[in-house]
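Visitor: Please see the structure below; I have some questions.
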Amino acid sequence: MDRNADSGSDRAVKTVLDELATRLDAVRETNIGWPAASDVDFAALTKFFKRHLLNNLGDPFAVGAYPQHTKDLEAEVVDVLADLMRAPVDDRWGYVTAGAGEGNLYALHLARSLHSKGVVYYSESSHYSVDKAVDLLAMPSIRVRADASGRMDMDDLAGVVASNRDRPAIVVANIGTTMTEAVDDVREIGEVLDSLAVRRRFVHADAALSGIPLSLLDPQTRPGFDFADGTDSMIVSGHKFLGTPIPCGVVLVKASHRVHLTRTGGFIGSPDTTIGCSRSGHAALMIWYVLRRYGVDGLRARADQAREVARYAHRRLVELGWDAWLNQHAFTVVLATPPAPVTQRWTLASTNGRSHIICMPGVTRAQIDAFVGDLQAAMPTPTLVSVPSPPPRRTPELRRATPAHVA
Ligand SMILES: Cc1ncc(COP(=O)(O)O)c(C=O)c1O
């Protein structure tokens with residue numbers, strides 16, 4: 001091989017990689033609108049990126065024919081998270097997905113295999129991946145109204161289920177909505193279905209963002225969302241609270257629901273039980289690493305600290321007179337969309353005059369101070385037009401702290 005040509009291309013590659021690193025570093029400080037924790041250092045895993053294709057083909061609980069895999073770690077990940085989510089010890093299964101969207105697809109596919117005539121009920125605050133899954137699976141569905149804080153309206157759910165009482169109900173609960181981090185209570189969903197005597201049911205928890213942090217709180221004081229509360233399946237993200245540097249998730253289900261779904265995998269040597277075929281063994285390795293390195297206490301400390309930063313951000317905005325609120329236990333602070341100079345500099349997710357900051361682990365008070373400073377500098381007058389932001393339910397203390405809406 002011609003070494004000169006090689007070193008020329010080496011230089012070109014290095015230039016591109018350097019530019020990429022510079023671009024990514026430049027947006028780090030101002031990227032506070034997306035739910036990705038940035039406090040975990042994965043450098044200890046670098047050696048696994050050098051020469052290994054880690055492919056967890058097929059079922060995580062069957063080793064299979066391909067030798068370079070991390071299925072043993074994946075099985076541990078499923079077990080640790082199933083414990084946190086209070087899944088029955090003798091009736092649990094799961095796998096590491098490419099993200100929460102795949103988890104929603106898997107769960108609805110599973111629900112359809114059990115209830116072929118089921119109607120999917122999901123809230124207008126649900127992530128668009130639920131829409132997509134319903135569409136791909138051609139399942140009949142009804143969107144349920146959400147209240148202003150983002151929670152599913154239980155009266156509306158009761159109304160729409162009542163008009164379809166002859167059909168099984170498949171309900172998607174949001175455990176941390178994308179825009180406001182609102183949490184639907186799975187126990188309340190169960191009560192609605194009980195009151196209508198709908199026994200053929202399946203409840204899926206889209207817990208992409210909040211599943212893990214909520215599981216670290218006392219079950220007596222947190223919303224009902226896990227298997228002990230009546231959930232049949234759940235997805236949690238790996239790249240949100242756990243901060244893995246590649247997108248991934250973990251879907252958890254009751255193993256007994258899977259009777260109709262398993263196919264034989266042929267040459268892969270393990271049952272074909274997942275949505276995809278090849279699956280990232282690196283993703284399982286990374287999730288395992290965070291869970292092991294931090295343990296439950298370490299994860300809880302990260303969640304507590306992130307909530308503290310969220311409360312700080314809320315307080316600073318309220319002191320400034322800027323309309324802002326947050327749901328109970330949330331990392332997400334919802335605020336009236338700031339003027340253009342601020343949104344051009346800071347990466348916030350914005351829609352319909354509302355934006356959010358998500359104080360994931362890794363977001364610091366210093367970043368919040370800088371953001372609030374920029375907002376203050378851009379404020380045209382001390383009193384601003386703000387979108388009417390409803391006080392979230394069950395947070396009267398925040399309601400009092402929320403400034404009166406100004407015209
Ligand atoms: C509540 C919720 N569900 C599902 C998803 C989809 O996750 P992913 O992008 O990992 O597929 C998201 C993404 O933000 C989300 O917020």
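Please note that chains go A, B, ... in the order of the structure tokens, that every chain numbers its residues from 1, and that ligands are numbered from 1 in the order shown.
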Quick one: residues within 7 Å of A:Ala284, only C-alpha atoms, excluding same-chain residues fewer than 3 positions away - as a PyMOL selection string?
Guide: chain A and resi 70+73-74+96+280-281+287-288
Visitor: Write the residues of the preceding selection, restricted to N, CA, C and O atoms, as a compact mmCIF listing (two decimals), in the first residue's frame.
Guide:
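Ended up saving to again.txt:
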# COMPACT_ATOMS: atom_id res chain seq x y z
N THR A 70 -22.54 -9.43 24.16
CA THR A 70 -22.53 -9.04 25.58
C THR A 70 -23.85 -9.47 26.23
O THR A 70 -24.41 -8.77 27.06
N LEU A 73 -24.24 -9.54 29.98
CA LEU A 73 -24.43 -8.22 30.60
C LEU A 73 -25.84 -7.70 30.30
O LEU A 73 -26.48 -7.06 31.14
N GLU A 74 -26.34 -7.99 29.11
CA GLU A 74 -27.69 -7.56 28.75
C GLU A 74 -28.72 -8.21 29.68
O GLU A 74 -29.64 -7.55 30.16
N VAL A 96 -32.38 -5.08 25.17
CA VAL A 96 -31.87 -3.73 24.89
C VAL A 96 -32.23 -3.37 23.45
O VAL A 96 -31.88 -4.09 22.51
N SER A 280 -27.18 -3.93 19.07
CA SER A 280 -25.91 -3.42 19.57
C SER A 280 -25.51 -4.06 20.91
O SER A 280 -26.20 -3.89 21.92
N GLY A 281 -24.39 -4.78 20.88
CA GLY A 281 -23.84 -5.28 22.13
C GLY A 281 -23.16 -4.17 22.92
O GLY A 281 -23.04 -4.24 24.15
N ILE A 287 -25.02 0.38 29.17
CA ILE A 287 -26.06 0.47 30.22
C ILE A 287 -25.59 -0.30 31.46
O ILE A 287 -25.72 0.17 32.59
N TRP A 288 -25.05 -1.49 31.20
CA TRP A 288 -24.56 -2.30 32.32
C TRP A 288 -23.52 -1.51 33.12
O TRP A 288 -23.53 -1.50 34.34
Visitor: Skipping near chain neighbours, those fewer than 6 positions away, what residues fall within 10 Å of A:Asp185 using only C-alpha atoms, listed as a PyMOL selection string?
Guide: chain A and resi 151-152+154+173-175+205+222-226+229-230
Visitor: Go ahead and save the picked residues with N, CA and C atoms, as a PDB file, in the first residue's frame.
Guide:
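The resulting file, selection-v2.pdb, is reproduced below:
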ATOM      1  N   ARG A 151     -50.795  15.649  31.485  1.00  0.00           N
ATOM      2  CA  ARG A 151     -51.282  14.338  31.935  1.00  0.00           C
ATOM      3  C   ARG A 151     -52.525  13.913  31.169  1.00  0.00           C
ATOM      4  N   MET A 152     -52.678  12.614  31.009  1.00  0.00           N
ATOM      5  CA  MET A 152     -53.877  12.091  30.353  1.00  0.00           C
ATOM      6  C   MET A 152     -55.115  12.460  31.179  1.00  0.00           C
ATOM      7  N   MET A 154     -58.317  11.601  32.669  1.00  0.00           N
ATOM      8  CA  MET A 154     -58.939  10.309  32.999  1.00  0.00           C
ATOM      9  C   MET A 154     -60.436  10.301  32.666  1.00  0.00           C
ATOM     10  N   ALA A 173     -49.492   4.621  28.820  1.00  0.00           N
ATOM     11  CA  ALA A 173     -49.320   5.651  29.859  1.00  0.00           C
ATOM     12  C   ALA A 173     -47.995   6.359  29.610  1.00  0.00           C
ATOM     13  N   ASN A 174     -48.004   7.662  29.725  1.00  0.00           N
ATOM     14  CA  ASN A 174     -46.749   8.414  29.602  1.00  0.00           C
ATOM     15  C   ASN A 174     -46.125   8.580  30.979  1.00  0.00           C
ATOM     16  N   ILE A 175     -44.928   8.087  31.108  1.00  0.00           N
ATOM     17  CA  ILE A 175     -44.222   8.247  32.383  1.00  0.00           C
ATOM     18  C   ILE A 175     -43.094   9.237  32.114  1.00  0.00           C
ATOM     19  N   ALA A 205     -46.255   1.275  29.643  1.00  0.00           N
ATOM     20  CA  ALA A 205     -45.703   2.515  30.192  1.00  0.00           C
ATOM     21  C   ALA A 205     -44.555   2.990  29.311  1.00  0.00           C
ATOM     22  N   ARG A 222     -44.700   8.451  45.110  1.00  0.00           N
ATOM     23  CA  ARG A 222     -44.519   8.718  43.673  1.00  0.00           C
ATOM     24  C   ARG A 222     -45.775   8.243  42.926  1.00  0.00           C
ATOM     25  N   PRO A 223     -45.960   8.692  41.696  1.00  0.00           N
ATOM     26  CA  PRO A 223     -47.100   8.198  40.924  1.00  0.00           C
ATOM     27  C   PRO A 223     -46.950   6.696  40.668  1.00  0.00           C
ATOM     28  N   GLY A 224     -48.080   6.002  40.457  1.00  0.00           N
ATOM     29  CA  GLY A 224     -48.025   4.575  40.147  1.00  0.00           C
ATOM     30  C   GLY A 224     -47.650   4.393  38.691  1.00  0.00           C
ATOM     31  N   PHE A 225     -46.593   3.662  38.408  1.00  0.00           N
ATOM     32  CA  PHE A 225     -46.217   3.510  36.996  1.00  0.00           C
ATOM     33  C   PHE A 225     -45.579   2.169  36.675  1.00  0.00           C
ATOM     34  N   ASP A 226     -45.280   1.355  37.703  1.00  0.00           N
ATOM     35  CA  ASP A 226     -44.470   0.172  37.402  1.00  0.00           C
ATOM     36  C   ASP A 226     -45.329  -1.099  37.382  1.00  0.00           C
ATOM     37  N   ASP A 229     -47.787  -1.655  40.010  1.00  0.00           N
ATOM     38  CA  ASP A 229     -48.933  -0.742  39.907  1.00  0.00           C
ATOM     39  C   ASP A 229     -49.897  -1.136  38.779  1.00  0.00           C
ATOM     40  N   GLY A 230     -49.527  -2.154  37.984  1.00  0.00           N
ATOM     41  CA  GLY A 230     -50.458  -2.603  36.949  1.00  0.00           C
ATOM     42  C   GLY A 230     -49.961  -2.502  35.522  1.00  0.00           C
TER      43      GLY A 230
END
Visitor: All residues within 10 Å of ligand 1 are required, counting only C-alpha atoms and all ligand atoms; please report them as JSON, numbers by chain.
Guide: {"A": [34, 35, 36, 97, 98, 99, 100, 101, 102, 103, 104, 105, 125, 126, 127, 128, 129, 130, 173, 174, 175, 176, 177, 178, 179, 180, 181, 182, 183, 205, 206, 207, 208, 209, 210, 211, 235, 236, 237, 238, 239, 240, 246, 247, 248, 249, 250]}
Visitor: Taking only C-alpha atoms into account, name the residue in A:Ala228, A:Ala310, A:Ile189, A:Leu326 that is nearest to A:Ala87.
Guide: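 Smallest separation from A:Ala87 among the options: A:Ala228.
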Visitor: Taking only C-alpha atoms into account, name the residue in A:Ala349, A:Ala82, A:Ala107, A:Ala330 that is nearest to A:Phe241.
Guide: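 Closest residue, counting only C-alpha atoms: A:Ala330.
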Visitor: In stretch 210-312 of chain A, what's helix (DSSP H, G or I) per DSSP? Answer as a PDB file with C-alpha atoms, in the first residue's frame?
Guide:
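Listed below is the output, result28.pdb:
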ATOM      1  CA  GLY A 211     -38.963   5.514  34.555  1.00  0.00           C
ATOM      2  CA  ILE A 212     -35.554   5.072  36.156  1.00  0.00           C
ATOM      3  CA  PRO A 213     -35.461   8.312  38.198  1.00  0.00           C
ATOM      4  CA  LEU A 214     -39.022   7.757  39.475  1.00  0.00           C
ATOM      5  CA  SER A 215     -38.231   4.166  40.434  1.00  0.00           C
ATOM      6  CA  PHE A 227     -45.385  -3.512  37.193  1.00  0.00           C
ATOM      7  CA  ALA A 228     -46.613  -3.629  40.792  1.00  0.00           C
ATOM      8  CA  ASP A 229     -48.933  -0.742  39.907  1.00  0.00           C
ATOM      9  CA  ALA A 255     -42.638 -12.997  30.106  1.00  0.00           C
ATOM     10  CA  SER A 256     -45.968 -14.822  30.181  1.00  0.00           C
ATOM     11  CA  HIS A 257     -47.385 -12.346  27.626  1.00  0.00           C
ATOM     12  CA  ARG A 258     -44.950 -13.515  24.962  1.00  0.00           C
ATOM     13  CA  VAL A 259     -46.507 -16.874  24.124  1.00  0.00           C
ATOM     14  CA  HIS A 260     -47.516 -15.877  20.582  1.00  0.00           C
ATOM     15  CA  GLY A 266     -32.529 -20.386  12.358  1.00  0.00           C
ATOM     16  CA  PHE A 267     -28.802 -19.891  11.800  1.00  0.00           C
ATOM     17  CA  ILE A 268     -28.429 -17.377  14.658  1.00  0.00           C
ATOM     18  CA  GLY A 281     -23.836  -5.279  22.133  1.00  0.00           C
ATOM     19  CA  HIS A 282     -22.133  -1.968  22.917  1.00  0.00           C
ATOM     20  CA  ALA A 283     -25.440  -0.495  24.060  1.00  0.00           C
ATOM     21  CA  ALA A 284     -25.963  -3.330  26.545  1.00  0.00           C
ATOM     22  CA  LEU A 285     -22.355  -2.933  27.723  1.00  0.00           C
ATOM     23  CA  MET A 286     -22.807   0.797  28.314  1.00  0.00           C
ATOM     24  CA  ILE A 287     -26.057   0.471  30.216  1.00  0.00           C
ATOM     25  CA  TRP A 288     -24.557  -2.302  32.316  1.00  0.00           C
ATOM     26  CA  TYR A 289     -21.552  -0.082  33.033  1.00  0.00           C
ATOM     27  CA  VAL A 290     -23.642   2.842  34.332  1.00  0.00           C
ATOM     28  CA  LEU A 291     -25.844   0.606  36.446  1.00  0.00           C
ATOM     29  CA  ARG A 292     -22.849  -1.191  37.973  1.00  0.00           C
ATOM     30  CA  ARG A 293     -20.675   1.871  38.413  1.00  0.00           C
ATOM     31  CA  TYR A 294     -23.299   3.959  40.178  1.00  0.00           C
ATOM     32  CA  GLY A 295     -25.530   1.382  41.836  1.00  0.00           C
ATOM     33  CA  VAL A 296     -28.971   2.340  43.104  1.00  0.00           C
ATOM     34  CA  ASP A 297     -27.660   4.881  45.625  1.00  0.00           C
ATOM     35  CA  GLY A 298     -25.425   6.566  43.074  1.00  0.00           C
ATOM     36  CA  LEU A 299     -28.255   6.766  40.543  1.00  0.00           C
ATOM     37  CA  ARG A 300     -30.551   8.224  43.198  1.00  0.00           C
ATOM     38  CA  ALA A 301     -27.960  10.861  44.098  1.00  0.00           C
ATOM     39  CA  ARG A 302     -27.715  11.851  40.408  1.00  0.00           C
ATOM     40  CA  ALA A 303     -31.504  12.144  40.144  1.00  0.00           C
ATOM     41  CA  ASP A 304     -31.762  14.187  43.368  1.00  0.00           C
ATOM     42  CA  GLN A 305     -29.060  16.551  42.212  1.00  0.00           C
ATOM     43  CA  ALA A 306     -30.671  16.999  38.792  1.00  0.00           C
ATOM     44  CA  ARG A 307     -34.051  17.803  40.405  1.00  0.00           C
ATOM     45  CA  GLU A 308     -32.302  20.314  42.622  1.00  0.00           C
ATOM     46  CA  VAL A 309     -30.865  22.061  39.531  1.00  0.00           C
ATOM     47  CA  ALA A 310     -34.366  22.026  37.959  1.00  0.00           C
ATOM     48  CA  ARG A 311     -35.853  23.684  41.051  1.00  0.00           C
ATOM     49  CA  TYR A 312     -33.039  26.216  40.975  1.00  0.00           C
TER      50      TYR A 312
END
Visitor: Within 12 Å of A:Phe61, counting only C-alpha atoms, which residues qualify if same-chain residues fewer than 3 places away don't, as a PDB file with C-alpha atoms, in the first residue's frame?
Guide:
ATOM      1  CA  ASN A  56     -26.417  -9.455  20.510  1.00  0.00           C
ATOM      2  CA  LEU A  57     -28.385 -11.244  17.796  1.00  0.00           C
ATOM      3  CA  GLY A  58     -31.692 -12.720  18.888  1.00  0.00           C
ATOM      4  CA  GLY A  64     -26.697 -18.211  20.139  1.00  0.00           C
ATOM      5  CA  HIS A  69     -21.682 -10.548  22.184  1.00  0.00           C
ATOM      6  CA  THR A  70     -22.526  -9.041  25.582  1.00  0.00           C
ATOM      7  CA  LYS A  71     -25.694 -11.031  26.267  1.00  0.00           C
ATOM      8  CA  ASP A  72     -24.616 -11.947  29.790  1.00  0.00           C
ATOM      9  CA  LEU A  73     -24.431  -8.216  30.600  1.00  0.00           C
ATOM     10  CA  GLU A  74     -27.687  -7.560  28.746  1.00  0.00           C
ATOM     11  CA  ALA A  75     -29.457 -10.204  30.853  1.00  0.00           C
ATOM     12  CA  GLU A  76     -28.092  -8.516  33.986  1.00  0.00           C
ATOM     13  CA  VAL A  77     -29.339  -5.116  32.755  1.00  0.00           C
ATOM     14  CA  VAL A  78     -32.828  -6.543  32.211  1.00  0.00           C
ATOM     15  CA  ASP A  79     -32.799  -8.093  35.656  1.00  0.00           C
ATOM     16  CA  ARG A  92     -40.121 -11.000  33.440  1.00  0.00           C
ATOM     17  CA  TRP A  93     -38.300 -10.608  30.172  1.00  0.00           C
ATOM     18  CA  GLY A  94     -36.757  -7.810  28.163  1.00  0.00           C
ATOM     19  CA  TYR A  95     -34.002  -6.725  25.842  1.00  0.00           C
ATOM     20  CA  VAL A  96     -31.870  -3.734  24.885  1.00  0.00           C
ATOM     21  CA  ALA A 255     -42.638 -12.997  30.106  1.00  0.00           C
ATOM     22  CA  GLY A 269     -28.912 -20.207  17.123  1.00  0.00           C
ATOM     23  CA  SER A 270     -31.243 -18.332  19.455  1.00  0.00           C
ATOM     24  CA  PRO A 271     -34.967 -17.538  19.309  1.00  0.00           C
ATOM     25  CA  ASP A 272     -35.864 -14.474  17.232  1.00  0.00           C
ATOM     26  CA  THR A 273     -37.750 -12.552  19.897  1.00  0.00           C
ATOM     27  CA  THR A 274     -36.835  -8.937  19.183  1.00  0.00           C
TER      28      THR A 274
END
Visitor: For a quick check of understanding, using only C-alpha atoms, which of A:Gly8, A:Met379, A:Gly190, A:Gly243 has the smallest distance to A:Pro361?
Guide: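 When distances to A:Pro361 are compared using only C-alpha atoms, the smallest one comes from A:Gly243.
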